[in-house]
$ cat target_26.txt   # compact mmCIF, N, CA and C atoms
# COMPACT_ATOMS: atom_id res chain seq x y z
N MET A 1 231.08 -159.94 157.27
CA MET A 1 230.35 -160.54 158.37
C MET A 1 231.25 -160.73 159.59
N LEU A 2 232.46 -161.29 159.37
CA LEU A 2 233.40 -161.50 160.46
C LEU A 2 233.74 -160.17 161.12
N GLY A 3 234.02 -159.16 160.30
CA GLY A 3 234.37 -157.84 160.83
C GLY A 3 233.27 -157.22 161.66
N ILE A 4 232.04 -157.36 161.22
CA ILE A 4 230.90 -156.79 161.95
C ILE A 4 230.73 -157.50 163.29
N ARG A 5 230.84 -158.83 163.29
CA ARG A 5 230.70 -159.57 164.56
C ARG A 5 231.82 -159.22 165.52
N CYS A 6 233.04 -159.07 165.00
CA CYS A 6 234.17 -158.73 165.86
C CYS A 6 234.04 -157.31 166.39
N GLU A 7 233.65 -156.38 165.54
CA GLU A 7 233.49 -154.99 165.96
C GLU A 7 232.46 -154.88 167.07
N SER A 8 231.37 -155.62 166.92
CA SER A 8 230.32 -155.64 167.94
C SER A 8 230.85 -156.22 169.26
N SER A 9 231.64 -157.29 169.17
CA SER A 9 232.20 -157.91 170.37
C SER A 9 233.20 -157.00 171.08
N VAL A 10 234.01 -156.27 170.32
CA VAL A 10 234.96 -155.33 170.92
C VAL A 10 234.19 -154.25 171.68
N SER A 11 233.17 -153.70 171.06
CA SER A 11 232.37 -152.67 171.69
C SER A 11 231.72 -153.18 172.98
N LYS A 12 231.14 -154.37 172.91
CA LYS A 12 230.51 -154.97 174.08
C LYS A 12 231.53 -155.22 175.18
N ALA A 13 232.70 -155.75 174.81
CA ALA A 13 233.75 -156.03 175.79
C ALA A 13 234.19 -154.76 176.51
N ASN A 14 234.37 -153.69 175.75
CA ASN A 14 234.80 -152.43 176.37
C ASN A 14 233.72 -151.84 177.28
N LYS A 15 232.47 -151.91 176.84
CA LYS A 15 231.37 -151.38 177.67
C LYS A 15 231.21 -152.16 178.96
N GLU A 16 231.41 -153.48 178.88
CA GLU A 16 231.21 -154.34 180.05
C GLU A 16 232.50 -154.62 180.81
N ASN A 17 233.59 -153.97 180.38
CA ASN A 17 234.91 -154.17 181.00
C ASN A 17 235.31 -155.65 180.98
N LYS A 18 235.15 -156.27 179.83
CA LYS A 18 235.48 -157.68 179.62
C LYS A 18 236.66 -157.79 178.65
N ASN A 19 237.27 -158.95 178.63
CA ASN A 19 238.38 -159.21 177.71
C ASN A 19 237.86 -159.56 176.33
N PHE A 20 238.62 -159.15 175.33
CA PHE A 20 238.37 -159.55 173.95
C PHE A 20 239.73 -159.85 173.33
N PHE A 21 239.85 -161.01 172.71
CA PHE A 21 241.12 -161.42 172.11
C PHE A 21 240.93 -161.82 170.66
N VAL A 22 242.00 -161.67 169.91
CA VAL A 22 242.04 -162.12 168.53
C VAL A 22 243.28 -162.98 168.35
N LEU A 23 243.09 -164.17 167.78
CA LEU A 23 244.20 -164.99 167.34
C LEU A 23 244.31 -164.79 165.84
N LEU A 24 245.38 -164.20 165.39
CA LEU A 24 245.62 -164.04 163.96
C LEU A 24 246.56 -165.17 163.56
N ILE A 25 246.13 -166.01 162.64
CA ILE A 25 246.82 -167.26 162.32
C ILE A 25 247.19 -167.28 160.85
N ASP A 26 248.43 -167.68 160.59
CA ASP A 26 248.92 -167.79 159.22
C ASP A 26 249.56 -169.16 159.04
N ILE A 27 249.25 -169.83 157.94
CA ILE A 27 249.87 -171.12 157.64
C ILE A 27 251.28 -170.85 157.12
N ASP A 28 252.26 -171.42 157.80
CA ASP A 28 253.66 -171.21 157.45
C ASP A 28 253.99 -171.80 156.07
N HIS A 29 254.72 -171.05 155.29
CA HIS A 29 255.22 -171.50 153.98
C HIS A 29 254.12 -172.06 153.08
N PHE A 30 252.95 -171.46 153.13
CA PHE A 30 251.83 -171.97 152.34
C PHE A 30 252.11 -171.89 150.84
N LYS A 31 252.81 -170.85 150.41
CA LYS A 31 253.15 -170.71 148.98
C LYS A 31 253.96 -171.91 148.50
N LYS A 32 254.85 -172.42 149.35
CA LYS A 32 255.64 -173.60 148.98
C LYS A 32 254.76 -174.83 148.80
N ILE A 33 253.74 -174.95 149.63
CA ILE A 33 252.80 -176.06 149.48
C ILE A 33 252.13 -175.98 148.12
N ASN A 34 251.62 -174.80 147.78
CA ASN A 34 250.99 -174.62 146.47
C ASN A 34 251.98 -174.86 145.34
N ASP A 35 253.19 -174.32 145.46
CA ASP A 35 254.20 -174.45 144.40
C ASP A 35 254.67 -175.90 144.23
N ASN A 36 254.86 -176.60 145.34
CA ASN A 36 255.39 -177.97 145.28
C ASN A 36 254.34 -179.02 144.96
N TYR A 37 253.11 -178.82 145.43
CA TYR A 37 252.10 -179.87 145.31
C TYR A 37 250.88 -179.47 144.49
N GLY A 38 250.76 -178.20 144.15
CA GLY A 38 249.62 -177.73 143.37
C GLY A 38 248.53 -177.10 144.22
N HIS A 39 247.70 -176.33 143.56
CA HIS A 39 246.66 -175.58 144.27
C HIS A 39 245.56 -176.47 144.85
N LEU A 40 245.29 -177.60 144.22
CA LEU A 40 244.29 -178.51 144.78
C LEU A 40 244.75 -179.06 146.14
N THR A 41 246.04 -179.37 146.23
CA THR A 41 246.59 -179.82 147.51
C THR A 41 246.58 -178.67 148.51
N GLY A 42 246.92 -177.48 148.04
CA GLY A 42 246.85 -176.30 148.91
C GLY A 42 245.45 -176.09 149.45
N ASP A 43 244.46 -176.26 148.59
CA ASP A 43 243.06 -176.15 149.03
C ASP A 43 242.72 -177.21 150.08
N SER A 44 243.25 -178.42 149.90
CA SER A 44 243.02 -179.48 150.89
C SER A 44 243.66 -179.13 152.23
N VAL A 45 244.83 -178.51 152.20
CA VAL A 45 245.48 -178.07 153.43
C VAL A 45 244.62 -177.01 154.11
N LEU A 46 244.10 -176.06 153.35
CA LEU A 46 243.22 -175.04 153.93
C LEU A 46 241.99 -175.68 154.57
N GLN A 47 241.40 -176.64 153.89
CA GLN A 47 240.22 -177.31 154.44
C GLN A 47 240.55 -178.07 155.72
N GLU A 48 241.66 -178.78 155.72
CA GLU A 48 242.07 -179.53 156.91
C GLU A 48 242.37 -178.57 158.06
N PHE A 49 243.02 -177.48 157.76
CA PHE A 49 243.30 -176.46 158.78
C PHE A 49 241.99 -175.96 159.40
N CYS A 50 241.02 -175.62 158.56
CA CYS A 50 239.73 -175.11 159.05
C CYS A 50 239.02 -176.15 159.91
N LEU A 51 239.04 -177.41 159.48
CA LEU A 51 238.41 -178.46 160.28
C LEU A 51 239.11 -178.62 161.62
N THR A 52 240.43 -178.48 161.62
CA THR A 52 241.19 -178.56 162.87
C THR A 52 240.77 -177.46 163.82
N ILE A 53 240.70 -176.23 163.33
CA ILE A 53 240.30 -175.10 164.17
C ILE A 53 238.90 -175.32 164.72
N LEU A 54 237.98 -175.68 163.84
CA LEU A 54 236.59 -175.85 164.25
C LEU A 54 236.41 -176.99 165.25
N SER A 55 237.32 -177.96 165.23
CA SER A 55 237.23 -179.07 166.19
C SER A 55 237.74 -178.66 167.58
N ILE A 56 238.43 -177.52 167.66
CA ILE A 56 239.04 -177.09 168.92
C ILE A 56 238.27 -175.95 169.58
N ILE A 57 237.84 -174.97 168.81
CA ILE A 57 237.23 -173.77 169.41
C ILE A 57 235.80 -174.04 169.86
N ASP A 58 235.34 -173.21 170.80
CA ASP A 58 233.96 -173.28 171.26
C ASP A 58 233.04 -172.63 170.23
N LYS A 59 231.78 -173.00 170.28
CA LYS A 59 230.83 -172.49 169.28
C LYS A 59 230.59 -170.99 169.38
N GLU A 60 230.84 -170.37 170.54
CA GLU A 60 230.65 -168.92 170.65
C GLU A 60 231.86 -168.13 170.15
N GLU A 61 232.96 -168.81 169.89
CA GLU A 61 234.14 -168.14 169.34
C GLU A 61 233.97 -168.02 167.83
N VAL A 62 234.40 -166.89 167.29
CA VAL A 62 234.17 -166.60 165.88
C VAL A 62 235.44 -166.88 165.09
N PHE A 63 235.31 -167.69 164.05
CA PHE A 63 236.44 -168.09 163.20
C PHE A 63 236.15 -167.68 161.77
N GLY A 64 237.14 -167.10 161.11
CA GLY A 64 236.95 -166.73 159.72
C GLY A 64 238.27 -166.51 159.01
N ARG A 65 238.15 -166.43 157.70
CA ARG A 65 239.32 -166.22 156.85
C ARG A 65 239.47 -164.73 156.60
N ILE A 66 240.66 -164.23 156.83
CA ILE A 66 240.97 -162.82 156.56
C ILE A 66 241.32 -162.67 155.08
N GLY A 67 242.10 -163.60 154.57
CA GLY A 67 242.51 -163.59 153.17
C GLY A 67 243.68 -164.54 152.98
N GLY A 68 243.79 -165.12 151.78
CA GLY A 68 244.90 -166.03 151.51
C GLY A 68 244.93 -167.16 152.52
N GLU A 69 246.07 -167.27 153.20
CA GLU A 69 246.23 -168.30 154.23
C GLU A 69 246.22 -167.70 155.63
N GLU A 70 245.58 -166.55 155.77
CA GLU A 70 245.51 -165.86 157.06
C GLU A 70 244.08 -165.93 157.59
N PHE A 71 243.97 -166.33 158.87
CA PHE A 71 242.68 -166.56 159.51
C PHE A 71 242.64 -165.86 160.86
N CYS A 72 241.44 -165.77 161.41
CA CYS A 72 241.24 -165.07 162.68
C CYS A 72 240.24 -165.84 163.54
N VAL A 73 240.56 -165.92 164.83
CA VAL A 73 239.60 -166.42 165.81
C VAL A 73 239.41 -165.29 166.82
N SER A 74 238.17 -164.88 167.05
CA SER A 74 237.92 -163.85 168.06
C SER A 74 237.22 -164.50 169.25
N ILE A 75 237.65 -164.05 170.43
CA ILE A 75 237.19 -164.69 171.66
C ILE A 75 236.80 -163.60 172.65
N PHE A 76 235.60 -163.73 173.19
CA PHE A 76 235.03 -162.76 174.11
C PHE A 76 235.01 -163.32 175.52
N ASP A 77 235.44 -162.53 176.48
CA ASP A 77 235.29 -162.80 177.91
C ASP A 77 235.93 -164.11 178.38
N LYS A 78 237.17 -164.33 177.97
CA LYS A 78 237.97 -165.45 178.48
C LYS A 78 239.24 -164.85 179.08
N ASP A 79 239.89 -165.60 179.96
CA ASP A 79 241.10 -165.07 180.58
C ASP A 79 242.34 -165.39 179.73
N GLU A 80 243.45 -164.74 180.10
CA GLU A 80 244.69 -164.85 179.33
C GLU A 80 245.20 -166.28 179.25
N GLU A 81 245.10 -167.02 180.35
CA GLU A 81 245.57 -168.41 180.36
C GLU A 81 244.79 -169.25 179.36
N TYR A 82 243.47 -169.08 179.34
CA TYR A 82 242.63 -169.80 178.39
C TYR A 82 243.08 -169.50 176.95
N ILE A 83 243.30 -168.22 176.67
CA ILE A 83 243.66 -167.80 175.31
C ILE A 83 244.98 -168.42 174.88
N PHE A 84 245.99 -168.31 175.72
CA PHE A 84 247.30 -168.85 175.35
C PHE A 84 247.23 -170.37 175.20
N ASN A 85 246.53 -171.05 176.09
CA ASN A 85 246.38 -172.50 175.99
C ASN A 85 245.64 -172.90 174.72
N LEU A 86 244.61 -172.15 174.36
CA LEU A 86 243.88 -172.41 173.13
C LEU A 86 244.79 -172.25 171.92
N ALA A 87 245.54 -171.15 171.88
CA ALA A 87 246.45 -170.90 170.75
C ALA A 87 247.49 -172.02 170.64
N GLU A 88 248.05 -172.43 171.76
CA GLU A 88 249.05 -173.51 171.76
C GLU A 88 248.43 -174.83 171.33
N LYS A 89 247.21 -175.09 171.75
CA LYS A 89 246.53 -176.33 171.35
C LYS A 89 246.32 -176.35 169.84
N ILE A 90 245.90 -175.24 169.27
CA ILE A 90 245.71 -175.15 167.82
C ILE A 90 247.05 -175.35 167.11
N ARG A 91 248.08 -174.65 167.58
CA ARG A 91 249.40 -174.75 166.96
C ARG A 91 249.92 -176.18 166.99
N LYS A 92 249.84 -176.82 168.13
CA LYS A 92 250.35 -178.19 168.27
C LYS A 92 249.57 -179.18 167.42
N LYS A 93 248.26 -179.04 167.40
CA LYS A 93 247.45 -179.98 166.63
C LYS A 93 247.76 -179.87 165.13
N CYS A 94 247.97 -178.65 164.66
CA CYS A 94 248.33 -178.47 163.25
C CYS A 94 249.71 -179.09 162.97
N ALA A 95 250.68 -178.85 163.84
CA ALA A 95 252.04 -179.35 163.64
C ALA A 95 252.10 -180.88 163.68
N GLU A 96 251.22 -181.49 164.46
CA GLU A 96 251.22 -182.96 164.59
C GLU A 96 250.44 -183.66 163.49
N ASN A 97 249.62 -182.91 162.77
CA ASN A 97 248.76 -183.49 161.75
C ASN A 97 249.58 -183.88 160.52
N VAL A 98 249.37 -185.10 160.04
CA VAL A 98 249.97 -185.54 158.79
C VAL A 98 248.83 -185.85 157.83
N MET A 99 248.75 -185.05 156.77
CA MET A 99 247.70 -185.25 155.77
C MET A 99 248.20 -186.25 154.73
N LYS A 100 247.35 -187.19 154.36
CA LYS A 100 247.69 -188.14 153.30
C LYS A 100 246.83 -187.80 152.09
N ILE A 101 247.49 -187.35 151.05
CA ILE A 101 246.81 -187.00 149.81
C ILE A 101 247.50 -187.78 148.70
N ASN A 102 246.73 -188.69 148.08
CA ASN A 102 247.29 -189.62 147.09
C ASN A 102 248.46 -190.36 147.73
N GLN A 103 249.65 -190.25 147.17
CA GLN A 103 250.83 -190.93 147.72
C GLN A 103 251.63 -190.02 148.65
N LEU A 104 251.17 -188.81 148.85
CA LEU A 104 251.94 -187.82 149.61
C LEU A 104 251.54 -187.76 151.07
N GLU A 105 252.51 -187.47 151.90
CA GLU A 105 252.25 -187.11 153.29
C GLU A 105 252.65 -185.65 153.44
N ILE A 106 251.69 -184.82 153.82
CA ILE A 106 251.94 -183.38 153.91
C ILE A 106 251.72 -182.92 155.33
N LYS A 107 252.69 -182.17 155.82
CA LYS A 107 252.60 -181.57 157.16
C LYS A 107 252.65 -180.05 156.97
N PHE A 108 252.05 -179.35 157.91
CA PHE A 108 252.15 -177.90 157.89
C PHE A 108 252.16 -177.37 159.31
N THR A 109 252.73 -176.21 159.47
CA THR A 109 252.74 -175.53 160.77
C THR A 109 252.07 -174.18 160.61
N ILE A 110 251.79 -173.56 161.74
CA ILE A 110 251.17 -172.25 161.74
C ILE A 110 251.89 -171.33 162.71
N SER A 111 251.73 -170.05 162.48
CA SER A 111 252.21 -169.02 163.41
C SER A 111 250.99 -168.23 163.86
N ILE A 112 251.03 -167.79 165.12
CA ILE A 112 249.88 -167.08 165.69
C ILE A 112 250.34 -165.84 166.43
N GLY A 113 249.66 -164.72 166.17
CA GLY A 113 249.82 -163.50 166.95
C GLY A 113 248.54 -163.25 167.72
N ILE A 114 248.67 -162.93 169.00
CA ILE A 114 247.49 -162.70 169.84
C ILE A 114 247.37 -161.21 170.16
N GLY A 115 246.25 -160.62 169.76
CA GLY A 115 245.94 -159.24 170.10
C GLY A 115 244.78 -159.19 171.08
N SER A 116 244.66 -158.08 171.77
CA SER A 116 243.57 -157.96 172.74
C SER A 116 243.15 -156.50 172.90
N ASN A 117 242.08 -156.32 173.66
CA ASN A 117 241.59 -154.98 173.96
C ASN A 117 242.16 -154.48 175.29
N GLU A 118 243.31 -155.00 175.69
CA GLU A 118 243.87 -154.64 177.00
C GLU A 118 244.09 -153.14 177.16
N ASN A 119 244.33 -152.45 176.07
CA ASN A 119 244.49 -151.00 176.13
C ASN A 119 243.21 -150.27 175.76
N LYS A 120 242.10 -151.01 175.81
CA LYS A 120 240.76 -150.48 175.51
C LYS A 120 240.65 -149.94 174.09
N GLU A 121 241.31 -150.66 173.16
CA GLU A 121 241.15 -150.30 171.75
C GLU A 121 239.67 -150.37 171.41
N GLU A 122 239.22 -149.39 170.66
CA GLU A 122 237.79 -149.31 170.35
C GLU A 122 237.42 -150.03 169.06
N TYR A 123 238.38 -150.26 168.20
CA TYR A 123 238.08 -150.81 166.88
C TYR A 123 238.84 -152.11 166.65
N ILE A 124 238.19 -153.03 165.97
CA ILE A 124 238.80 -154.31 165.66
C ILE A 124 240.08 -154.13 164.85
N ASP A 125 240.12 -153.11 163.99
CA ASP A 125 241.30 -152.88 163.16
C ASP A 125 242.55 -152.65 164.01
N GLU A 126 242.39 -151.96 165.15
CA GLU A 126 243.54 -151.71 166.04
C GLU A 126 244.03 -153.01 166.66
N ILE A 127 243.11 -153.86 167.05
CA ILE A 127 243.49 -155.14 167.65
C ILE A 127 244.11 -156.05 166.61
N LEU A 128 243.54 -156.06 165.42
CA LEU A 128 244.10 -156.87 164.33
C LEU A 128 245.50 -156.39 163.96
N GLN A 129 245.72 -155.08 163.96
CA GLN A 129 247.05 -154.54 163.65
C GLN A 129 248.08 -155.02 164.66
N SER A 130 247.72 -154.98 165.93
CA SER A 130 248.60 -155.46 166.99
C SER A 130 248.88 -156.96 166.82
N ALA A 131 247.84 -157.73 166.57
CA ALA A 131 248.00 -159.18 166.37
C ALA A 131 248.85 -159.46 165.14
N ASP A 132 248.68 -158.67 164.09
CA ASP A 132 249.44 -158.83 162.86
C ASP A 132 250.94 -158.59 163.10
N GLU A 133 251.26 -157.58 163.87
CA GLU A 133 252.67 -157.31 164.19
C GLU A 133 253.27 -158.48 164.97
N LEU A 134 252.51 -159.03 165.90
CA LEU A 134 252.99 -160.18 166.67
C LEU A 134 253.09 -161.43 165.80
N LEU A 135 252.15 -161.61 164.89
CA LEU A 135 252.21 -162.73 163.95
C LEU A 135 253.50 -162.67 163.14
N TYR A 136 253.82 -161.49 162.63
CA TYR A 136 255.03 -161.39 161.82
C TYR A 136 256.30 -161.50 162.65
N THR A 137 256.23 -161.19 163.93
CA THR A 137 257.36 -161.48 164.82
C THR A 137 257.53 -163.00 164.93
N ALA A 138 256.45 -163.72 165.07
CA ALA A 138 256.51 -165.18 165.12
C ALA A 138 257.13 -165.75 163.85
N LYS A 139 256.75 -165.20 162.71
CA LYS A 139 257.27 -165.70 161.44
C LYS A 139 258.76 -165.35 161.28
N ARG A 140 259.13 -164.14 161.67
CA ARG A 140 260.53 -163.71 161.55
C ARG A 140 261.46 -164.47 162.48
N THR A 141 260.92 -164.96 163.58
CA THR A 141 261.76 -165.59 164.60
C THR A 141 261.65 -167.12 164.60
N GLY A 142 261.24 -167.68 163.48
CA GLY A 142 261.31 -169.13 163.36
C GLY A 142 260.03 -169.86 163.00
N ARG A 143 258.89 -169.19 163.03
CA ARG A 143 257.61 -169.81 162.69
C ARG A 143 257.22 -170.91 163.68
N ASN A 144 256.02 -171.46 163.48
CA ASN A 144 255.47 -172.53 164.33
C ASN A 144 255.52 -172.12 165.81
N LYS A 145 255.02 -170.90 166.07
CA LYS A 145 254.99 -170.42 167.45
C LYS A 145 253.86 -169.45 167.67
N VAL A 146 253.58 -169.20 168.94
CA VAL A 146 252.56 -168.26 169.36
C VAL A 146 253.27 -167.07 170.02
N ILE A 147 252.95 -165.85 169.57
CA ILE A 147 253.50 -164.64 170.19
C ILE A 147 252.31 -163.85 170.71
N ARG A 148 252.44 -163.39 171.94
CA ARG A 148 251.35 -162.66 172.56
C ARG A 148 251.84 -161.38 173.20
N ASN A 149 250.93 -160.44 173.35
CA ASN A 149 251.26 -159.19 174.05
C ASN A 149 250.48 -159.12 175.36
N ILE A 150 249.96 -160.26 175.78
CA ILE A 150 249.14 -160.28 176.99
C ILE A 150 249.96 -160.78 178.17

$ encode --input "target_26.txt" --output "structure tokens"
Amino acid sequence: MLGIRCESSVSKANKENKNFFVLLIDIDHFKKINDNYGHLTGDSVLQEFCLTILSIIDKEEVFGRIGGEEFCVSIFDKDEEYIFNLAEKIRKKCAENVMKINQLEIKFTISIGIGSNENKEEYIDEILQSADELLYTAKRTGRNKVIRNI
């Protein structure tokens, strides 16, 4: 469903000469959360992360899980400043959040790669690939950051 909606948005953006962006988001060191606190706590982190995203994005922006701890937000017809500010707002809110589960206080950070149709990519897979490369640059260079090619 997410892929179909994104593919349709990319096509529409290219036909109308509009911007289309993807925020590819990964929860940093999520495996350690599962290993140290258990999968139920990991699931709670995923739920809190999703609630955080949904509290920030607009209703016309599409949010979904790609797999594991990797998520995607697709955004149609917004400018570069809006996109970067949105990504930073999401990153900061996650980093500042302290979850209280039983006696534990759990914090998590995220890394974000931003892809776009700036080169008139026709398929969502091309934009996701670009965002994925930027996401892994963020992870390799310290995590808890936003990397963009815009």

$ select_by_dssp --input "target_26.txt" --residues "range 34-100 of chain A" --states "alpha helix (DSSP H)" --output "PyMOL selection string"
chain A and resi 34-37+39-56+80-96

$ write_last_selection --input "target_26.txt" --atoms "N, CA and C atoms" --output "mmCIF file, keeping the file's coordinate frame"
data_model
loop_
_atom_site.group_PDB
_atom_site.id
_atom_site.type_symbol
_atom_site.label_atom_id
_atom_site.label_comp_id
_atom_site.auth_asym_id
_atom_site.auth_seq_id
_atom_site.Cartn_x
_atom_site.Cartn_y
_atom_site.Cartn_z
ATOM 1 N N ASN A 34 251.620 -174.800 147.780
ATOM 2 C CA ASN A 34 250.990 -174.620 146.470
ATOM 3 C C ASN A 34 251.980 -174.860 145.340
ATOM 4 N N ASP A 35 253.190 -174.320 145.460
ATOM 5 C CA ASP A 35 254.200 -174.450 144.400
ATOM 6 C C ASP A 35 254.670 -175.900 144.230
ATOM 7 N N ASN A 36 254.860 -176.600 145.340
ATOM 8 C CA ASN A 36 255.390 -177.970 145.280
ATOM 9 C C ASN A 36 254.340 -179.020 144.960
ATOM 10 N N TYR A 37 253.110 -178.820 145.430
ATOM 11 C CA TYR A 37 252.100 -179.870 145.310
ATOM 12 C C TYR A 37 250.880 -179.470 144.490
ATOM 13 N N HIS A 39 247.700 -176.330 143.560
ATOM 14 C CA HIS A 39 246.660 -175.580 144.270
ATOM 15 C C HIS A 39 245.560 -176.470 144.850
ATOM 16 N N LEU A 40 245.290 -177.600 144.220
ATOM 17 C CA LEU A 40 244.290 -178.510 144.780
ATOM 18 C C LEU A 40 244.750 -179.060 146.140
ATOM 19 N N THR A 41 246.040 -179.370 146.230
ATOM 20 C CA THR A 41 246.590 -179.820 147.510
ATOM 21 C C THR A 41 246.580 -178.670 148.510
ATOM 22 N N GLY A 42 246.920 -177.480 148.040
ATOM 23 C CA GLY A 42 246.850 -176.300 148.910
ATOM 24 C C GLY A 42 245.450 -176.090 149.450
ATOM 25 N N ASP A 43 244.460 -176.260 148.590
ATOM 26 C CA ASP A 43 243.060 -176.150 149.030
ATOM 27 C C ASP A 43 242.720 -177.210 150.080
ATOM 28 N N SER A 44 243.250 -178.420 149.900
ATOM 29 C CA SER A 44 243.020 -179.480 150.890
ATOM 30 C C SER A 44 243.660 -179.130 152.230
ATOM 31 N N VAL A 45 244.830 -178.510 152.200
ATOM 32 C CA VAL A 45 245.480 -178.070 153.430
ATOM 33 C C VAL A 45 244.620 -177.010 154.110
ATOM 34 N N LEU A 46 244.100 -176.060 153.350
ATOM 35 C CA LEU A 46 243.220 -175.040 153.930
ATOM 36 C C LEU A 46 241.990 -175.680 154.570
ATOM 37 N N GLN A 47 241.400 -176.640 153.890
ATOM 38 C CA GLN A 47 240.220 -177.310 154.440
ATOM 39 C C GLN A 47 240.550 -178.070 155.720
ATOM 40 N N GLU A 48 241.660 -178.780 155.720
ATOM 41 C CA GLU A 48 242.070 -179.530 156.910
ATOM 42 C C GLU A 48 242.370 -178.570 158.060
ATOM 43 N N PHE A 49 243.020 -177.480 157.760
ATOM 44 C CA PHE A 49 243.300 -176.460 158.780
ATOM 45 C C PHE A 49 241.990 -175.960 159.400
ATOM 46 N N CYS A 50 241.020 -175.620 158.560
ATOM 47 C CA CYS A 50 239.730 -175.110 159.050
ATOM 48 C C CYS A 50 239.020 -176.150 159.910
ATOM 49 N N LEU A 51 239.040 -177.410 159.480
ATOM 50 C CA LEU A 51 238.410 -178.460 160.280
ATOM 51 C C LEU A 51 239.110 -178.620 161.620
ATOM 52 N N THR A 52 240.430 -178.480 161.620
ATOM 53 C CA THR A 52 241.190 -178.560 162.870
ATOM 54 C C THR A 52 240.770 -177.460 163.820
ATOM 55 N N ILE A 53 240.700 -176.230 163.330
ATOM 56 C CA ILE A 53 240.300 -175.100 164.170
ATOM 57 C C ILE A 53 238.900 -175.320 164.720
ATOM 58 N N LEU A 54 237.980 -175.680 163.840
ATOM 59 C CA LEU A 54 236.590 -175.850 164.250
ATOM 60 C C LEU A 54 236.410 -176.990 165.250
ATOM 61 N N SER A 55 237.320 -177.960 165.230
ATOM 62 C CA SER A 55 237.230 -179.070 166.190
ATOM 63 C C SER A 55 237.740 -178.660 167.580
ATOM 64 N N ILE A 56 238.430 -177.520 167.660
ATOM 65 C CA ILE A 56 239.040 -177.090 168.920
ATOM 66 C C ILE A 56 238.270 -175.950 169.580
ATOM 67 N N GLU A 80 243.450 -164.740 180.100
ATOM 68 C CA GLU A 80 244.690 -164.850 179.330
ATOM 69 C C GLU A 80 245.200 -166.280 179.250
ATOM 70 N N GLU A 81 245.100 -167.020 180.350
ATOM 71 C CA GLU A 81 245.570 -168.410 180.360
ATOM 72 C C GLU A 81 244.790 -169.250 179.360
ATOM 73 N N TYR A 82 243.470 -169.080 179.340
ATOM 74 C CA TYR A 82 242.630 -169.800 178.390
ATOM 75 C C TYR A 82 243.080 -169.500 176.950
ATOM 76 N N ILE A 83 243.300 -168.220 176.670
ATOM 77 C CA ILE A 83 243.660 -167.800 175.310
ATOM 78 C C ILE A 83 244.980 -168.420 174.880
ATOM 79 N N PHE A 84 245.990 -168.310 175.720
ATOM 80 C CA PHE A 84 247.300 -168.850 175.350
ATOM 81 C C PHE A 84 247.230 -170.370 175.200
ATOM 82 N N ASN A 85 246.530 -171.050 176.090
ATOM 83 C CA ASN A 85 246.380 -172.500 175.990
ATOM 84 C C ASN A 85 245.640 -172.900 174.720
ATOM 85 N N LEU A 86 244.610 -172.150 174.360
ATOM 86 C CA LEU A 86 243.880 -172.410 173.130
ATOM 87 C C LEU A 86 244.790 -172.250 171.920
ATOM 88 N N ALA A 87 245.540 -171.150 171.880
ATOM 89 C CA ALA A 87 246.450 -170.900 170.750
ATOM 90 C C ALA A 87 247.490 -172.020 170.640
ATOM 91 N N GLU A 88 248.050 -172.430 171.760
ATOM 92 C CA GLU A 88 249.050 -173.510 171.760
ATOM 93 C C GLU A 88 248.430 -174.830 171.330
ATOM 94 N N LYS A 89 247.210 -175.090 171.750
ATOM 95 C CA LYS A 89 246.530 -176.330 171.350
ATOM 96 C C LYS A 89 246.320 -176.350 169.840
ATOM 97 N N ILE A 90 245.900 -175.240 169.270
ATOM 98 C CA ILE A 90 245.710 -175.150 167.820
ATOM 99 C C ILE A 90 247.050 -175.350 167.110
ATOM 100 N N ARG A 91 248.080 -174.650 167.580
ATOM 101 C CA ARG A 91 249.400 -174.750 166.960
ATOM 102 C C ARG A 91 249.920 -176.180 166.990
ATOM 103 N N LYS A 92 249.840 -176.820 168.130
ATOM 104 C CA LYS A 92 250.350 -178.190 168.270
ATOM 105 C C LYS A 92 249.570 -179.180 167.420
ATOM 106 N N LYS A 93 248.260 -179.040 167.400
ATOM 107 C CA LYS A 93 247.450 -179.980 166.630
ATOM 108 C C LYS A 93 247.760 -179.870 165.130
ATOM 109 N N CYS A 94 247.970 -178.650 164.660
ATOM 110 C CA CYS A 94 248.330 -178.470 163.250
ATOM 111 C C CYS A 94 249.710 -179.090 162.970
ATOM 112 N N ALA A 95 250.680 -178.850 163.840
ATOM 113 C CA ALA A 95 252.040 -179.350 163.640
ATOM 114 C C ALA A 95 252.100 -180.880 163.680
ATOM 115 N N GLU A 96 251.220 -181.490 164.460
ATOM 116 C CA GLU A 96 251.220 -182.960 164.590
ATOM 117 C C GLU A 96 250.440 -183.660 163.490
#

$ closest_residue --input "target_26.txt" --among "A:Lys145, A:Lys32, A:Lys120, A:Lys139" --to "Asn14 in chain A" --atoms "only N, CA and C atoms"
A:Lys120

$ select_by_dssp --input "target_26.txt" --residues "chain A" --states "strand (DSSP E or B)" --output "number ranges by chain"
A: 20-27, 62-67, 70-76, 99-101, 104-106, 110-116, 146-148

$ residues_around --input "target_26.txt" --residues "range 128-135 of chain A" --least-positions-apart "4" --cutoff "12 Å" --atoms "only C-alpha atoms" --output "ChimeraX atom specification"
/A:3,6-7,10,20-28,66,70-74,110-119,121-124,139-150

$ closest_residue --input "target_26.txt" --among "A:Thr41, A:Ala13, A:His29, A:Cys94" --to "Ile53 in chain A" --atoms "only C-alpha atoms"
A:Cys94

$ atom_distance --input "target_26.txt" --atom1 "CA of Thr52 in chain A" --atom2 "CA of Lys93 in chain A"
7.4 Å

$ atom_distance --input "target_26.txt" --atom1 "CA of Gly68 in chain A" --atom2 "CA of Glu81 in chain A"
29.0 Å

$ atom_distance --input "target_26.txt" --atom1 "CA of Val98 in chain A" --atom2 "CA of Leu46 in chain A"
13.4 Å

$ closest_residue --input "target_26.txt" --among "A:Ile56, A:Leu40, A:Ile106, A:Val62" --to "Leu86 in chain A" --atoms "only C-alpha atoms"
A:Ile56

$ residues_near_point --input "target_26.txt" --point "(233.9, -167.3, 169.7)" --cutoff "9 Å" --atoms "only C-alpha atoms" --output "ChimeraX atom specification"
/A:57-63,73-76
